[in-house]
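Have a look at model21.cif below; it lists mmCIF, C-alpha atoms.
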```
data_model
loop_
_atom_site.label_atom_id
_atom_site.label_comp_id
_atom_site.auth_asym_id
_atom_site.auth_seq_id
_atom_site.Cartn_x
_atom_site.Cartn_y
_atom_site.Cartn_z
CA MET H 1 -13.85 6.71 -25.30
CA ILE H 2 -11.43 9.28 -23.92
CA ASP H 3 -7.92 9.87 -25.18
CA THR H 4 -5.73 9.53 -22.08
CA ALA H 5 -3.09 12.05 -23.14
CA ALA H 6 -5.75 14.68 -23.96
CA MET H 7 -7.45 14.11 -20.62
CA LEU H 8 -4.16 14.44 -18.77
CA LYS H 9 -3.46 17.71 -20.57
CA ALA H 10 -6.85 18.99 -19.44
CA PHE H 11 -6.11 17.86 -15.88
CA ASN H 12 -2.71 19.55 -15.90
CA ALA H 13 -4.39 22.97 -16.09
CA HIS H 14 -6.00 22.26 -12.71
CA ARG H 15 -3.16 20.34 -11.09
CA GLY H 16 -1.80 23.12 -8.86
CA ASP H 17 0.71 21.74 -6.37
CA ALA H 18 -0.88 18.30 -6.13
CA ILE H 19 1.24 15.19 -5.86
CA VAL H 20 0.41 13.05 -8.89
CA VAL H 21 0.71 9.28 -9.16
CA PRO H 22 0.10 8.80 -12.89
CA GLY H 23 -0.10 5.00 -12.89
CA ARG H 24 -0.37 3.61 -16.39
CA GLY H 25 -0.94 7.12 -17.67
CA GLY H 26 2.66 7.80 -16.77
CA LYS H 27 4.02 7.38 -20.28
CA HIS H 28 1.88 10.38 -21.33
CA TRP H 29 2.12 12.35 -18.10
CA VAL H 30 5.93 12.56 -18.07
CA HIS H 31 5.67 14.64 -21.26
CA ILE H 32 2.88 16.86 -19.91
CA SER H 33 3.72 17.62 -16.30
CA GLY H 34 5.46 20.83 -15.40
CA GLU H 35 6.23 19.62 -11.88
CA PRO H 36 8.15 16.36 -12.30
CA HIS H 37 9.39 16.35 -8.73
CA LEU H 38 5.80 16.28 -7.50
CA ASP H 39 5.14 13.27 -9.71
CA LEU H 40 5.57 9.61 -8.81
CA PRO H 41 5.71 7.74 -12.13
CA MET H 42 6.21 4.31 -10.64
CA GLY H 43 5.64 2.11 -13.68
CA ASP H 44 4.67 -1.17 -12.13
CA PRO H 45 6.48 -2.17 -8.91
CA ALA H 46 3.86 -4.87 -8.35
CA MET H 47 0.51 -4.86 -10.11
CA GLY H 48 -2.49 -3.88 -8.04
CA GLY H 49 -0.70 -1.51 -5.70
CA HIS H 50 -1.00 1.96 -7.22
CA SER H 51 -4.16 2.76 -5.27
CA GLY H 52 -2.63 1.70 -1.97
CA PHE H 53 0.55 3.64 -2.64
CA ALA H 54 -1.27 6.88 -3.50
CA PHE H 55 -3.64 6.39 -0.57
CA GLY H 56 -0.69 5.99 1.79
CA LEU H 57 0.81 9.19 0.43
CA ALA H 58 -2.47 11.00 1.01
CA LEU H 59 -2.54 9.84 4.63
CA ALA H 60 1.05 10.94 5.17
CA GLN H 61 0.57 14.35 3.52
CA PRO H 62 -2.93 15.42 4.54
CA LYS H 63 -2.39 19.08 3.68
CA ARG H 64 -1.54 18.39 0.04
CA ARG H 65 -3.82 16.99 -2.66
CA VAL H 66 -2.82 13.57 -3.97
CA VAL H 67 -4.17 12.63 -7.39
CA LEU H 68 -4.03 9.04 -8.64
CA PHE H 69 -4.62 7.79 -12.17
CA ASP H 70 -5.37 4.16 -11.45
CA SER H 71 -6.27 1.54 -14.04
CA GLU H 72 -9.01 -1.04 -14.00
CA GLY H 73 -6.69 -4.02 -14.25
CA ASP H 74 -4.80 -2.79 -11.21
CA LEU H 75 -7.97 -2.02 -9.30
CA GLN H 76 -9.47 -5.43 -10.05
CA MET H 77 -6.47 -6.98 -8.31
CA SER H 78 -7.17 -5.09 -5.11
CA LEU H 79 -10.82 -4.10 -5.09
CA GLY H 80 -10.88 -4.23 -1.31
CA ILE H 81 -8.75 -1.09 -1.20
CA LEU H 82 -11.94 0.85 -1.94
CA LEU H 83 -13.22 -0.15 1.49
CA THR H 84 -10.05 0.92 3.28
CA ILE H 85 -9.99 4.28 1.49
CA ALA H 86 -13.67 4.85 2.19
CA GLU H 87 -13.16 4.12 5.89
CA LEU H 88 -10.20 6.48 6.35
CA ARG H 89 -11.75 9.08 4.01
CA PRO H 90 -8.69 11.18 3.20
CA ALA H 91 -10.11 14.54 2.14
CA ASN H 92 -7.05 15.18 -0.04
CA PHE H 93 -7.34 12.03 -2.15
CA TYR H 94 -8.58 12.12 -5.76
CA HIS H 95 -8.91 8.70 -7.34
CA PHE H 96 -9.23 8.70 -11.13
CA LEU H 97 -9.60 5.40 -13.00
CA LEU H 98 -8.35 4.82 -16.55
CA ASP H 99 -10.64 2.04 -17.73
CA ASN H 100 -9.53 0.68 -21.12
CA GLU H 101 -11.31 -2.63 -20.51
CA CYS H 102 -8.16 -4.66 -21.15
CA TYR H 103 -4.62 -5.54 -20.12
CA ALA H 104 -3.05 -3.19 -22.65
CA THR H 105 0.55 -3.90 -21.75
CA THR H 106 0.20 -7.63 -22.36
CA GLY H 107 -1.49 -7.37 -25.72
CA GLY H 108 -5.02 -6.22 -25.00
CA GLN H 109 -6.72 -9.24 -23.46
CA PRO H 110 -9.99 -8.22 -21.76
CA VAL H 111 -10.14 -7.87 -17.97
CA PRO H 112 -12.85 -9.95 -16.28
CA ASN H 113 -16.33 -8.73 -17.15
CA ALA H 114 -14.76 -5.77 -18.94
CA LYS H 115 -17.88 -4.46 -20.66
CA ASN H 116 -20.37 -4.77 -17.82
CA VAL H 117 -18.73 -3.61 -14.61
CA ASP H 118 -19.56 -0.20 -13.12
CA TYR H 119 -16.55 0.94 -11.13
CA ALA H 120 -18.08 4.23 -10.00
CA MET H 121 -21.01 2.33 -8.54
CA MET H 122 -18.60 -0.04 -6.80
CA ALA H 123 -16.75 2.91 -5.25
CA LYS H 124 -20.02 4.46 -4.19
CA ALA H 125 -21.16 1.20 -2.64
CA ALA H 126 -17.82 0.88 -0.84
CA GLY H 127 -18.42 4.24 0.79
CA TYR H 128 -16.80 6.93 -1.35
CA PRO H 129 -18.86 10.06 -0.73
CA ARG H 130 -18.51 11.36 -4.31
CA THR H 131 -18.20 9.40 -7.54
CA TYR H 132 -18.33 10.24 -11.24
CA ALA H 133 -18.29 8.31 -14.50
CA PHE H 134 -17.32 9.67 -17.93
CA SER H 135 -16.78 8.34 -21.42
CA GLU H 136 -16.31 11.66 -23.26
CA LEU H 137 -13.38 14.02 -22.99
CA ASP H 138 -15.33 17.27 -23.08
CA LYS H 139 -17.52 16.18 -20.17
CA VAL H 140 -14.69 15.13 -17.88
CA SER H 141 -12.74 18.27 -18.81
CA ALA H 142 -15.70 20.45 -17.90
CA ALA H 143 -16.19 18.66 -14.60
CA LEU H 144 -12.56 18.88 -13.43
CA PRO H 145 -12.96 22.16 -11.49
CA GLU H 146 -15.86 20.68 -9.53
CA ILE H 147 -14.12 17.34 -9.00
CA LEU H 148 -10.90 18.89 -7.76
CA GLY H 149 -12.51 21.84 -6.03
CA GLN H 150 -14.23 19.83 -3.33
CA PRO H 151 -12.89 17.54 -0.63
CA GLY H 152 -12.14 13.91 -1.34
CA PRO H 153 -12.11 11.11 -1.38
CA VAL H 154 -13.62 11.17 -4.83
CA PHE H 155 -13.67 8.44 -7.44
CA VAL H 156 -13.76 9.27 -11.16
CA ALA H 157 -14.20 6.40 -13.59
CA MET H 158 -13.25 7.14 -17.18
CA LYS H 159 -13.56 4.96 -20.27
CA VAL H 160 -10.32 5.47 -22.20
CA ASN H 161 -8.87 4.25 -25.47
CA PRO H 162 -6.56 1.28 -24.98
CA ASP H 163 -2.94 1.95 -25.87
CA ILE H 164 -2.25 -1.68 -26.61
CA GLU H 165 1.37 -2.74 -26.70
CA ASN H 166 2.36 -5.91 -28.49
CA LYS H 167 6.09 -5.42 -28.80
CA PRO H 168 8.39 -7.53 -26.66
CA ILE H 169 9.07 -5.66 -23.44
CA GLY H 170 12.71 -5.17 -24.35
CA ASP H 171 11.73 -3.35 -27.57
CA ARG H 172 9.35 -0.86 -25.95
CA VAL H 173 10.10 2.80 -25.38
CA ARG H 174 11.32 3.22 -21.81
CA TRP H 175 9.47 6.28 -20.58
CA ARG H 176 10.62 6.16 -16.97
CA THR H 177 13.80 8.18 -16.66
CA ARG H 178 14.22 7.98 -12.87
CA GLY H 179 14.41 4.94 -10.64
CA TRP H 180 11.88 4.39 -7.83
CA THR H 181 14.12 5.55 -5.02
CA GLN H 182 15.14 8.63 -6.99
CA VAL H 183 11.50 9.50 -7.65
CA ILE H 184 10.74 9.30 -3.92
CA ALA H 185 13.85 11.24 -2.94
CA ASP H 186 12.95 13.99 -5.42
CA LEU H 187 9.44 14.23 -3.98
CA GLN H 188 10.67 14.33 -0.39
CA ARG H 189 13.08 17.16 -1.15
CA LYS H 190 10.42 19.04 -3.10
CA ILE H 191 7.89 18.93 -0.28
CA GLY H 192 10.48 19.60 2.39
CA ILE H 193 10.59 16.33 4.30
CA ALA H 194 14.16 15.40 3.31
CA ALA H 195 17.39 17.28 2.88
CA MET X 1 13.66 -18.56 27.77
CA ASN X 2 12.94 -21.38 30.20
CA ASP X 3 10.68 -23.92 28.52
CA GLY X 4 8.82 -24.41 31.74
CA ALA X 5 7.98 -20.75 32.26
CA PRO X 6 4.72 -19.36 30.95
CA ALA X 7 5.30 -17.12 27.93
CA HIS X 8 3.72 -13.72 28.10
CA LEU X 9 4.07 -11.03 25.53
CA SER X 10 1.90 -8.23 26.75
CA PRO X 11 0.24 -5.87 24.30
CA GLU X 12 1.50 -2.96 26.39
CA THR X 13 5.03 -4.07 25.58
CA VAL X 14 4.31 -4.13 21.87
CA LEU X 15 2.59 -0.76 21.97
CA ALA X 16 5.50 0.79 23.86
CA GLN X 17 7.83 -0.40 21.14
CA LEU X 18 5.69 1.15 18.41
CA LYS X 19 5.73 4.47 20.26
CA LYS X 20 9.45 4.27 21.01
CA HIS X 21 10.24 3.97 17.33
CA GLY X 22 7.93 6.72 16.20
CA VAL X 23 5.34 4.60 14.43
CA THR X 24 2.53 6.74 13.04
CA HIS X 25 0.36 4.19 11.20
CA VAL X 26 -0.43 0.52 11.80
CA VAL X 27 -1.46 -1.13 8.54
CA TRP X 28 -3.05 -4.33 9.57
CA LEU X 29 -5.40 -7.23 9.27
CA PRO X 30 -6.02 -8.79 12.66
CA ASP X 31 -5.82 -12.43 13.55
CA SER X 32 -7.88 -14.17 16.14
CA GLU X 33 -5.65 -13.32 19.09
CA THR X 34 -4.82 -9.64 18.76
CA ASN X 35 -8.00 -7.98 19.87
CA TRP X 36 -6.58 -6.64 23.09
CA LEU X 37 -3.69 -5.09 21.18
CA TYR X 38 -6.28 -3.60 18.87
CA LEU X 39 -8.09 -1.91 21.73
CA LEU X 40 -4.84 -0.42 23.03
CA MET X 41 -3.78 0.80 19.59
CA LYS X 42 -7.19 2.27 18.95
CA ALA X 43 -6.96 4.25 22.18
CA GLU X 44 -3.47 5.54 21.40
CA PRO X 45 -3.77 9.03 19.87
CA SER X 46 -0.38 8.95 18.16
CA LEU X 47 -1.37 5.95 16.02
CA THR X 48 -3.67 5.75 13.01
CA LEU X 49 -5.02 2.28 12.28
CA VAL X 50 -5.30 1.42 8.60
CA PRO X 51 -7.32 -1.78 8.18
CA VAL X 52 -6.89 -3.77 4.97
CA PRO X 53 -9.13 -6.55 3.69
CA ARG X 54 -6.20 -8.49 2.15
CA GLU X 55 -2.66 -8.42 3.46
CA GLY X 56 -0.81 -7.75 0.20
CA MET X 57 -2.37 -4.30 0.07
CA ALA X 58 -0.49 -3.38 3.22
CA CYS X 59 2.79 -3.24 1.29
CA SER X 60 1.85 -0.51 -1.17
CA ILE X 61 0.06 1.46 1.55
CA ALA X 62 3.13 1.26 3.77
CA ALA X 63 5.30 2.32 0.83
CA GLY X 64 3.12 5.38 0.23
CA LEU X 65 3.13 6.28 3.91
CA ALA X 66 6.90 6.01 4.10
CA ALA X 67 7.38 7.98 0.89
CA GLY X 68 5.24 10.71 2.41
CA GLY X 69 7.32 10.87 5.58
CA SER X 70 5.26 8.73 7.96
CA VAL X 71 6.45 5.66 9.85
CA PRO X 72 4.24 2.64 9.17
CA VAL X 73 4.35 -0.80 10.68
CA ILE X 74 2.61 -3.80 9.12
CA LEU X 75 0.78 -6.14 11.50
CA VAL X 76 -0.56 -9.33 9.94
CA GLN X 77 -0.73 -13.07 10.49
CA ASN X 78 1.83 -15.36 8.86
CA THR X 79 -0.85 -16.59 6.44
CA GLY X 80 -1.24 -13.04 5.17
CA LEU X 81 2.49 -12.51 4.99
CA MET X 82 2.74 -15.43 2.60
CA GLU X 83 -0.13 -14.08 0.53
CA SER X 84 1.82 -10.85 0.06
CA GLY X 85 4.87 -12.12 -1.78
CA ASP X 86 4.86 -10.09 -4.97
CA SER X 87 3.84 -6.90 -3.17
CA ILE X 88 6.75 -7.36 -0.75
CA ARG X 89 9.08 -7.79 -3.69
CA GLY X 90 7.84 -4.82 -5.66
CA TRP X 91 6.65 -2.24 -3.16
CA LEU X 92 8.89 -2.87 -0.17
CA PHE X 93 12.16 -4.17 -1.60
CA GLY X 94 11.78 -2.29 -4.88
CA LEU X 95 11.22 1.08 -3.24
CA GLU X 96 13.63 0.33 -0.37
CA ILE X 97 11.00 0.84 2.31
CA PRO X 98 12.24 0.52 5.90
CA VAL X 99 9.31 -1.17 7.58
CA VAL X 100 8.82 -3.64 10.40
CA TYR X 101 6.53 -6.53 9.67
CA MET X 102 4.93 -7.85 12.86
CA VAL X 103 3.75 -11.34 12.07
CA GLY X 104 1.47 -13.43 14.23
CA MET X 105 2.73 -17.02 14.09
CA ARG X 106 -0.40 -19.05 13.60
CA GLY X 107 0.35 -22.69 14.25
CA TRP X 108 3.58 -21.96 16.15
CA ASN X 109 4.56 -24.55 18.73
CA ARG X 110 8.04 -24.52 20.14
CA HIS X 111 7.43 -27.49 22.39
CA GLY X 112 7.82 -30.45 20.09
CA PRO X 113 6.08 -31.49 16.88
CA PRO X 114 4.32 -28.87 14.78
CA THR X 115 0.61 -28.40 15.19
CA ALA X 116 -1.78 -29.60 12.50
CA ASP X 117 -1.87 -26.03 11.23
CA THR X 118 0.78 -25.74 8.51
CA ALA X 119 1.03 -21.92 8.54
CA SER X 120 4.06 -21.70 10.79
CA VAL X 121 5.81 -24.56 9.00
CA TYR X 122 6.11 -22.45 5.87
CA THR X 123 6.72 -19.05 7.47
CA GLU X 124 10.47 -19.17 8.03
CA PRO X 125 11.20 -20.78 4.64
CA PHE X 126 9.10 -18.03 3.07
CA LEU X 127 11.04 -15.30 4.87
CA ASN X 128 14.32 -16.93 3.93
CA ALA X 129 13.26 -17.18 0.29
CA PHE X 130 12.55 -13.46 0.28
CA ARG X 131 15.75 -12.75 2.22
CA ILE X 132 13.80 -11.02 4.97
CA ASN X 133 15.63 -11.07 8.30
CA TYR X 134 13.47 -11.87 11.30
CA TYR X 135 13.42 -11.86 15.06
CA LEU X 136 11.31 -14.25 17.14
CA VAL X 137 9.49 -12.67 20.08
CA GLU X 138 7.71 -14.92 22.55
CA SER X 139 7.61 -12.94 25.77
CA ASP X 140 8.32 -9.53 27.27
CA ALA X 141 11.87 -10.74 27.90
CA ASP X 142 12.40 -10.67 24.13
CA VAL X 143 11.36 -7.06 23.73
CA SER X 144 14.81 -5.82 22.72
CA ARG X 145 14.45 -7.85 19.52
CA ILE X 146 11.63 -5.58 18.42
CA SER X 147 14.00 -2.64 18.74
CA HIS X 148 16.63 -4.54 16.77
CA ALA X 149 14.09 -5.02 13.99
CA PHE X 150 13.24 -1.32 13.82
CA GLU X 151 16.88 -0.32 13.85
CA GLU X 152 17.80 -2.85 11.18
CA ALA X 153 14.92 -1.83 8.94
CA LYS X 154 15.95 1.81 9.16
CA ARG X 155 19.62 1.06 8.60
CA SER X 156 19.13 -1.36 5.71
CA LYS X 157 16.09 0.29 4.08
CA ARG X 158 14.40 -3.09 3.91
CA PRO X 159 11.48 -4.86 5.54
CA VAL X 160 12.43 -6.76 8.69
CA ALA X 161 10.06 -9.18 10.40
CA VAL X 162 9.17 -9.72 14.05
CA LEU X 163 7.61 -13.13 14.51
CA VAL X 164 5.15 -13.03 17.37
CA GLY X 165 5.29 -16.55 18.77
CA ASP X 166 2.87 -16.10 21.61
CA GLU X 167 -0.32 -16.37 19.69
CA TYR X 168 -2.17 -18.71 21.93
CA HIS X 169 -2.08 -16.89 25.22
CA GLY X 170 -0.30 -13.61 24.90
CA PHE X 171 -2.62 -10.96 23.62
CA ASN X 172 -5.82 -12.61 24.64
CA LYS X 173 -6.02 -11.92 28.33
#
```
What do you get writing this file as structure tokens?
Amino acid sequence: MIDTAAMLKAFNAHRGDAIVVPGRGGKHWVHISGEPHLDLPMGDPAMGGHSGFAFGLALAQPKRRVVLFDSEGDLQMSLGILLTIAELRPANFYHFLLDNECYATTGGQPVPNAKNVDYAMMAKAAGYPRTYAFSELDKVSAALPEILGQPGPVFVAMKVNPDIENKPIGDRVRWRTRGWTQVIADLQRKIGIAA
Amino acid sequence: MNDGAPAHLSPETVLAQLKKHGVTHVVWLPDSETNWLYLLMKAEPSLTLVPVPREGMACSIAAGLAAGGSVPVILVQNTGLMESGDSIRGWLFGLEIPVVYMVGMRGWNRHGPPTADTASVYTEPFLNAFRINYYLVESDADVSRISHAFEEAKRSKRPVAVLVGDEYHGFNK
């Protein structure tokens, strides 16, 4: 199992000027990123939509890499998005999956068929031209230059430790410091599409 | 509109509206009557078609497109609109996405009792529950309502719906 924060630190060394949608890795990424206005830490506007949101960004900004850290619970809610992404094939889209095998934010209940599903194979079958699967930090860290150095779309499944939260939502640390519209406005100014 | 006149909403009219308002991407899942519109959109070089296998996905894709500076429109059937409730709430209202929802009105019948298909019966109550304003378009004479929808979406930073009430004989020539 991979420690999500350690993996994100390894990724940060290769991030460049990519737009990053950190998904449920956001609570770690906001403390790691050196380019917060290129980040879209959305929290959870509606579960299942991170992949679509990042994919839409990639279509709109084809000259800039867009990196998504999706999660398996989100992806299970919208598996068909793999087909749409594979059809449009955005060469700037890098789709990482944080697979902790559970719904960590609701107490750690397993997702359907948590132990047996092969997400990289599903992405490959959907039509992604490149896919990877990792369960060890040193291997994914070593592969990052290759993963990010070639055109997308690419799918990278990673088995990660669950950061299970059992506190009532009101008692949890609030890691998002900007609202959704502010996050988008900051990005648009940073990439020069808004005043 | 005169009840006795044949209703015709031509796909050329719809396409002209998309171009007029600078639409770059059509995120869509077709219904049984929009094939001719599909062929026109596919041939239009200024549009990218983004097909989705389930309508709720269209909301987050449209949100990402808009955040990145593109101008999406969502084109789905009313059945798919209703499937998309939580995604509309979170991704469109939450992120204040100005997007026009073009909704094919399956089951729509303005000439008396509803059809056996219940989809249109629930569409307007659904839109009202989500506080989504909407404009009914049944023929080319209604085309200005599509412009109203685009302008309102842009001004209010909200989704606005265009209900396409010509399902049975409009697009399918």
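For the set X:Gln17, X:Gln77, X:Ser156, X:Ser120, the residue with the smallest atom-to-atom gap to X:Val103 is X:Gln77, counting only C-alpha atoms.
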If we count all atoms listed in the file, which residues of chain H reach to within 8 Å of chain X? Please list them as an mmCIF file with C-alpha atoms, in the frame of the given file.
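Result written to selection-v3.cif:
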```
data_model
loop_
_atom_site.group_PDB
_atom_site.id
_atom_site.type_symbol
_atom_site.label_atom_id
_atom_site.label_comp_id
_atom_site.auth_asym_id
_atom_site.auth_seq_id
_atom_site.Cartn_x
_atom_site.Cartn_y
_atom_site.Cartn_z
ATOM 1 C CA PRO H 45 6.480 -2.170 -8.910
ATOM 2 C CA ALA H 46 3.860 -4.870 -8.350
ATOM 3 C CA MET H 47 0.510 -4.860 -10.110
ATOM 4 C CA GLY H 49 -0.700 -1.510 -5.700
ATOM 5 C CA HIS H 50 -1.000 1.960 -7.220
ATOM 6 C CA SER H 51 -4.160 2.760 -5.270
ATOM 7 C CA GLY H 52 -2.630 1.700 -1.970
ATOM 8 C CA PHE H 53 0.550 3.640 -2.640
ATOM 9 C CA ALA H 54 -1.270 6.880 -3.500
ATOM 10 C CA PHE H 55 -3.640 6.390 -0.570
ATOM 11 C CA GLY H 56 -0.690 5.990 1.790
ATOM 12 C CA LEU H 57 0.810 9.190 0.430
ATOM 13 C CA ALA H 58 -2.470 11.000 1.010
ATOM 14 C CA LEU H 59 -2.540 9.840 4.630
ATOM 15 C CA ALA H 60 1.050 10.940 5.170
ATOM 16 C CA GLN H 61 0.570 14.350 3.520
ATOM 17 C CA SER H 78 -7.170 -5.090 -5.110
ATOM 18 C CA GLY H 80 -10.880 -4.230 -1.310
ATOM 19 C CA ILE H 81 -8.750 -1.090 -1.200
ATOM 20 C CA LEU H 83 -13.220 -0.150 1.490
ATOM 21 C CA THR H 84 -10.050 0.920 3.280
ATOM 22 C CA LEU H 88 -10.200 6.480 6.350
ATOM 23 C CA TRP H 180 11.880 4.390 -7.830
ATOM 24 C CA THR H 181 14.120 5.550 -5.020
ATOM 25 C CA ILE H 184 10.740 9.300 -3.920
ATOM 26 C CA GLN H 188 10.670 14.330 -0.390
ATOM 27 C CA ILE H 193 10.590 16.330 4.300
#
```
Residues near stretch 131-143 of chain X, anyone? I mean within 9 Å using all atoms listed in the file, not counting same-chain ones fewer than 2 positions away, as a PDB file with C-alpha atoms, in the coordinates of the input.
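As a result, out.pdb now contains:
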```pdb
ATOM      1  CA  MET X   1      13.660 -18.560  27.770  1.00  0.00           C
ATOM      2  CA  PRO X   6       4.720 -19.360  30.950  1.00  0.00           C
ATOM      3  CA  ALA X   7       5.300 -17.120  27.930  1.00  0.00           C
ATOM      4  CA  HIS X   8       3.720 -13.720  28.100  1.00  0.00           C
ATOM      5  CA  LEU X   9       4.070 -11.030  25.530  1.00  0.00           C
ATOM      6  CA  SER X  10       1.900  -8.230  26.750  1.00  0.00           C
ATOM      7  CA  THR X  13       5.030  -4.070  25.580  1.00  0.00           C
ATOM      8  CA  VAL X  14       4.310  -4.130  21.870  1.00  0.00           C
ATOM      9  CA  GLN X  17       7.830  -0.400  21.140  1.00  0.00           C
ATOM     10  CA  TYR X 101       6.530  -6.530   9.670  1.00  0.00           C
ATOM     11  CA  GLU X 124      10.470 -19.170   8.030  1.00  0.00           C
ATOM     12  CA  PHE X 126       9.100 -18.030   3.070  1.00  0.00           C
ATOM     13  CA  LEU X 127      11.040 -15.300   4.870  1.00  0.00           C
ATOM     14  CA  ASN X 128      14.320 -16.930   3.930  1.00  0.00           C
ATOM     15  CA  ALA X 129      13.260 -17.180   0.290  1.00  0.00           C
ATOM     16  CA  ARG X 145      14.450  -7.850  19.520  1.00  0.00           C
ATOM     17  CA  ILE X 146      11.630  -5.580  18.420  1.00  0.00           C
ATOM     18  CA  SER X 147      14.000  -2.640  18.740  1.00  0.00           C
ATOM     19  CA  HIS X 148      16.630  -4.540  16.770  1.00  0.00           C
ATOM     20  CA  ALA X 149      14.090  -5.020  13.990  1.00  0.00           C
ATOM     21  CA  GLU X 152      17.800  -2.850  11.180  1.00  0.00           C
ATOM     22  CA  ARG X 158      14.400  -3.090   3.910  1.00  0.00           C
ATOM     23  CA  PRO X 159      11.480  -4.860   5.540  1.00  0.00           C
ATOM     24  CA  VAL X 160      12.430  -6.760   8.690  1.00  0.00           C
ATOM     25  CA  ALA X 161      10.060  -9.180  10.400  1.00  0.00           C
ATOM     26  CA  VAL X 162       9.170  -9.720  14.050  1.00  0.00           C
ATOM     27  CA  LEU X 163       7.610 -13.130  14.510  1.00  0.00           C
ATOM     28  CA  VAL X 164       5.150 -13.030  17.370  1.00  0.00           C
ATOM     29  CA  GLY X 165       5.290 -16.550  18.770  1.00  0.00           C
ATOM     30  CA  ASP X 166       2.870 -16.100  21.610  1.00  0.00           C
ATOM     31  CA  GLU X 167      -0.320 -16.370  19.690  1.00  0.00           C
ATOM     32  CA  GLY X 170      -0.300 -13.610  24.900  1.00  0.00           C
TER      33      GLY X 170
END
```
**Q.** Between atom CA of H:Met121 and atom CA of H:Met77 - distance in Å to one decimal
**A.** 17.3 Å
Residue IDs satisfying the PyMOL selection byres ((chain H and resi 151) around 12), as a PDB file with C-alpha atoms, keeping the file's coordinate frame:
```
ATOM      1  CA  PRO H  62      -2.930  15.420   4.540  1.00  0.00           C
ATOM      2  CA  LYS H  63      -2.390  19.080   3.680  1.00  0.00           C
ATOM      3  CA  ARG H  64      -1.540  18.390   0.040  1.00  0.00           C
ATOM      4  CA  ARG H  65      -3.820  16.990  -2.660  1.00  0.00           C
ATOM      5  CA  VAL H  66      -2.820  13.570  -3.970  1.00  0.00           C
ATOM      6  CA  ARG H  89     -11.750   9.080   4.010  1.00  0.00           C
ATOM      7  CA  PRO H  90      -8.690  11.180   3.200  1.00  0.00           C
ATOM      8  CA  ALA H  91     -10.110  14.540   2.140  1.00  0.00           C
ATOM      9  CA  ASN H  92      -7.050  15.180  -0.040  1.00  0.00           C
ATOM     10  CA  PHE H  93      -7.340  12.030  -2.150  1.00  0.00           C
ATOM     11  CA  TYR H  94      -8.580  12.120  -5.760  1.00  0.00           C
ATOM     12  CA  HIS H  95      -8.910   8.700  -7.340  1.00  0.00           C
ATOM     13  CA  TYR H 128     -16.800   6.930  -1.350  1.00  0.00           C
ATOM     14  CA  PRO H 129     -18.860  10.060  -0.730  1.00  0.00           C
ATOM     15  CA  ARG H 130     -18.510  11.360  -4.310  1.00  0.00           C
ATOM     16  CA  THR H 131     -18.200   9.400  -7.540  1.00  0.00           C
ATOM     17  CA  PRO H 145     -12.960  22.160 -11.490  1.00  0.00           C
ATOM     18  CA  GLU H 146     -15.860  20.680  -9.530  1.00  0.00           C
ATOM     19  CA  ILE H 147     -14.120  17.340  -9.000  1.00  0.00           C
ATOM     20  CA  LEU H 148     -10.900  18.890  -7.760  1.00  0.00           C
ATOM     21  CA  GLY H 149     -12.510  21.840  -6.030  1.00  0.00           C
ATOM     22  CA  GLN H 150     -14.230  19.830  -3.330  1.00  0.00           C
ATOM     23  CA  GLY H 152     -12.140  13.910  -1.340  1.00  0.00           C
ATOM     24  CA  PRO H 153     -12.110  11.110  -1.380  1.00  0.00           C
ATOM     25  CA  VAL H 154     -13.620  11.170  -4.830  1.00  0.00           C
ATOM     26  CA  PHE H 155     -13.670   8.440  -7.440  1.00  0.00           C
TER      27      PHE H 155
END
```
Q | atom CA of X:Ala119 to atom CA of X:Ala16, straight-line distance in Å | A | 27.8 Å
Which centre and which edge lengths, in Å to one decimal, describe the axis-aligned box that holds all listed atoms of stretch 72-87 of chain X after 6 Å is added on each side, as lines of an AutoDock Vina configuration file?
```
center_x = 1.8
center_y = -7.0
center_z = 3.3
size_x = 18.1
size_y = 31.2
size_z = 28.5
```
Q | Interatomic distance (Å, one decimal) between atom CA of H:Trp175 and atom CA of H:Asp44 | A |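 Going from atom CA of H:Trp175 over to atom CA of H:Asp44 covers 12.2 Å.
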**Q.** Protein and nucleic acid residues near (-15.1, 8.6, -17.5) (cut-off 10 Å, only C-alpha atoms) as an MDAnalysis selection string
**A.** chainID H and resid 1:2 7 96:99 120 132:137 139:140 156:160
Q) Between H:Ala185, H:Val67, H:Ala104, H:Val173, which one has atoms that come closest to H:Asn12, using only C-alpha atoms? A) H:Val67
Name every residue that the PyMOL selection byres ((chain X and resi 117) around 12) selects in this structure, writing the answer as a tab-separated table (two decimals) with C-alpha atoms, in the frame of the given file with chains first and numbers rising.
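Written output follows (part.tsv):
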```tsv
chain	number	residue	atom	x	y	z
X	78	ASN	CA	1.83	-15.36	8.86
X	79	THR	CA	-0.85	-16.59	6.44
X	105	MET	CA	2.73	-17.02	14.09
X	106	ARG	CA	-0.40	-19.05	13.60
X	107	GLY	CA	0.35	-22.69	14.25
X	108	TRP	CA	3.58	-21.96	16.15
X	109	ASN	CA	4.56	-24.55	18.73
X	113	PRO	CA	6.08	-31.49	16.88
X	114	PRO	CA	4.32	-28.87	14.78
X	115	THR	CA	0.61	-28.40	15.19
X	116	ALA	CA	-1.78	-29.60	12.50
X	118	THR	CA	0.78	-25.74	8.51
X	119	ALA	CA	1.03	-21.92	8.54
X	120	SER	CA	4.06	-21.70	10.79
X	121	VAL	CA	5.81	-24.56	9.00
X	122	TYR	CA	6.11	-22.45	5.87
X	123	THR	CA	6.72	-19.05	7.47
```
Q.
For this structure, which residues satisfy the selection - the PyMOL selection byres ((chain X and resi 38) around 12) - when it is evaluated on the file as given? I want them as a PyMOL selection string.
A. chain X and resi 11-12+14-15+26-37+39-44+47-51+75+171-172
